[in-house]
Amino acid sequence: MKIFLDTARLDEIQQAADWGVCDGVTTNPSLHSRAVAHEGDAAIGYRERILRIADIVDGPISAECVTRTTEELIAEARELASWHPSVVVKIPIDGPGLAAIKALSEEGIRINTTLIFSLNQALLAARAGAAYVSPFVGRLDDIGENGIQLVADTVDLLDRFNLPAQVIAASLRNTDHTAQAARVGAHIATIPFPVLEQMQLHPLTDKGIQAFLDDWHKAEAQLRAQPVS
Ligand code: G3P
């Protein structure tokens, strides 16, 4: 499973890239807005942000459309895709979105269909030509459904019917979500930075490191105390 960062913050993306665990990035208007608020007076616009991300990460970068009709989506997607070869255009699933996905994918523009909450939506997006489909795990869990089950069903669906789209498990909120996404075969998990940080941690690792250090120092102390012959 590839690891994407689900953030628009450059500092977080840089850290994940330094760790060698950032295969791509997904952004959306809410993440951009949060990054702008975090940056304060130094805030940058969406185009500048995507270009700076492309300087850090050698992989797909999702940039989301904010228009609603098919014609607007097509024009906006062409503009976003012209910014950088790594740009994948994010379009929410609905009728106008599907028509835009069909037209744009025929032009060779890669689409990530977002806000997927059902297997039917995933099927339509993949059939329309989307390169990626993004089931939203956490938001389904929020309403008492099983988000990971939708990821599993979508992986099976694409595999069974030989559809080339890849599944991006999105709206992941915790380390259990990321482990489960891997277990059910998601091609990609897009992960918020705080969750990525937690993925490295385990109390037994901390305990084990401390025990190794203590034993090392004990051995060193004993060796130092040996009489010089
Ligand atoms: O990947 C989509 C994500 O940014 C939405 O996450 O936590 O707002 O449901 P969330």
# chains A, B, ... in the order shown; residues from 1 in each chain; ligands from 1

$ residues_near_ligand --ligand "ligand 1" --cutoff "10 Å" --atoms "only C-alpha atoms and all ligand atoms" --output "PyMOL selection string"
chain A and resi 4-8+25-31+114-116+134-142+168-174+189-192

$ atom_distance --atom1 "atom CA of A:Arg160" --atom2 "atom CA of A:Gly24"
26.1 Å

$ atom_distance --atom1 "atom CA of A:Ile53" --atom2 "atom CA of A:Ala186"
23.6 Å

$ residues_around --residues "A:Arg110" --least-positions-apart "2" --cutoff "7 Å" --atoms "only C-alpha atoms" --output "number ranges by chain"
A: 88-89, 105, 108, 112, 130-131

$ write_last_selection --atoms "C-alpha atoms" --output "PDB file, in the first residue's frame"
ATOM      1  CA  VAL A  88      -4.225  14.714 -10.319  1.00  0.00           C
ATOM      2  CA  VAL A  89      -7.546  16.542 -10.424  1.00  0.00           C
ATOM      3  CA  SER A 105      -9.927  11.129 -18.679  1.00  0.00           C
ATOM      4  CA  GLY A 108      -5.424  12.001 -20.465  1.00  0.00           C
ATOM      5  CA  ASN A 112      -9.334  11.295  -8.301  1.00  0.00           C
ATOM      6  CA  ALA A 130     -11.327   7.938 -12.983  1.00  0.00           C
ATOM      7  CA  ALA A 131      -7.737   6.945 -12.223  1.00  0.00           C
TER       8      ALA A 131
END

$ select_by_dssp --residues "stretch 1-225 of chain A" --states "alpha helix (DSSP H)" --output "NGL selection string"
:A and (10-18 or 29-39 or 46-56 or 70-83 or 95-106 or 119-128 or 137-142 or 147-160 or 175-183 or 193-199 or 203-225)

$ select_by_dssp --residues "stretch 53-110 of chain A" --states "strand (DSSP E)" --output "PyMOL selection string"
chain A and resi 61-64+87-92

$ residues_around --residues "A:Lys2" --least-positions-apart "3" --cutoff "7 Å" --atoms "only C-alpha atoms" --output "PyMOL selection string"
chain A and resi 23+187-189

$ closest_residue --among "A:His177, A:Arg47, A:Lys90, A:Arg224" --to "A:Val151" --atoms "only C-alpha atoms"
A:His177

$ closest_residue --among "A:Leu158, A:Ala126, A:Ala181, A:Ala75" --to "A:Ala100" --atoms "only C-alpha atoms"
A:Ala75

$ residues_around --residues "A:Arg183" --least-positions-apart "3" --cutoff "10 Å" --atoms "only C-alpha atoms" --output "PyMOL selection string"
chain A and resi 1+148+152+177-180+186

$ atom_distance --atom1 "atom CA of A:Thr69" --atom2 "atom CA of A:Val87"
20.8 Å

$ residues_around --residues "A:Gln200" --least-positions-apart "5" --cutoff "10 Å" --atoms "only C-alpha atoms" --output "list of chain:residue names"
A:Thr175, A:Val195, A:Thr205

$ write_last_selection --atoms "N, CA, C and O atoms" --output "JSON list (two decimals), in the first residue's frame"
[["chain", "number", "residue", "atom", "x", "y", "z"],
["A", 175, "THR", "N", -4.71, 5.10, 13.59],
["A", 175, "THR", "CA", -3.79, 4.06, 13.11],
["A", 175, "THR", "C", -4.52, 2.74, 12.85],
["A", 175, "THR", "O", -4.04, 1.93, 12.06],
["A", 195, "VAL", "N", -1.60, 11.19, 12.32],
["A", 195, "VAL", "CA", -1.77, 9.73, 12.30],
["A", 195, "VAL", "C", -0.48, 9.07, 11.80],
["A", 195, "VAL", "O", -0.04, 8.04, 12.34],
["A", 205, "THR", "N", 8.38, -0.67, 21.72],
["A", 205, "THR", "CA", 9.60, -0.17, 21.07],
["A", 205, "THR", "C", 10.35, 0.74, 22.04],
["A", 205, "THR", "O", 11.57, 0.60, 22.23]]

$ closest_residue --among "A:Val133, A:Leu223, A:Ala16, A:Ala77" --to "A:Glu107" --atoms "only C-alpha atoms"
A:Ala77
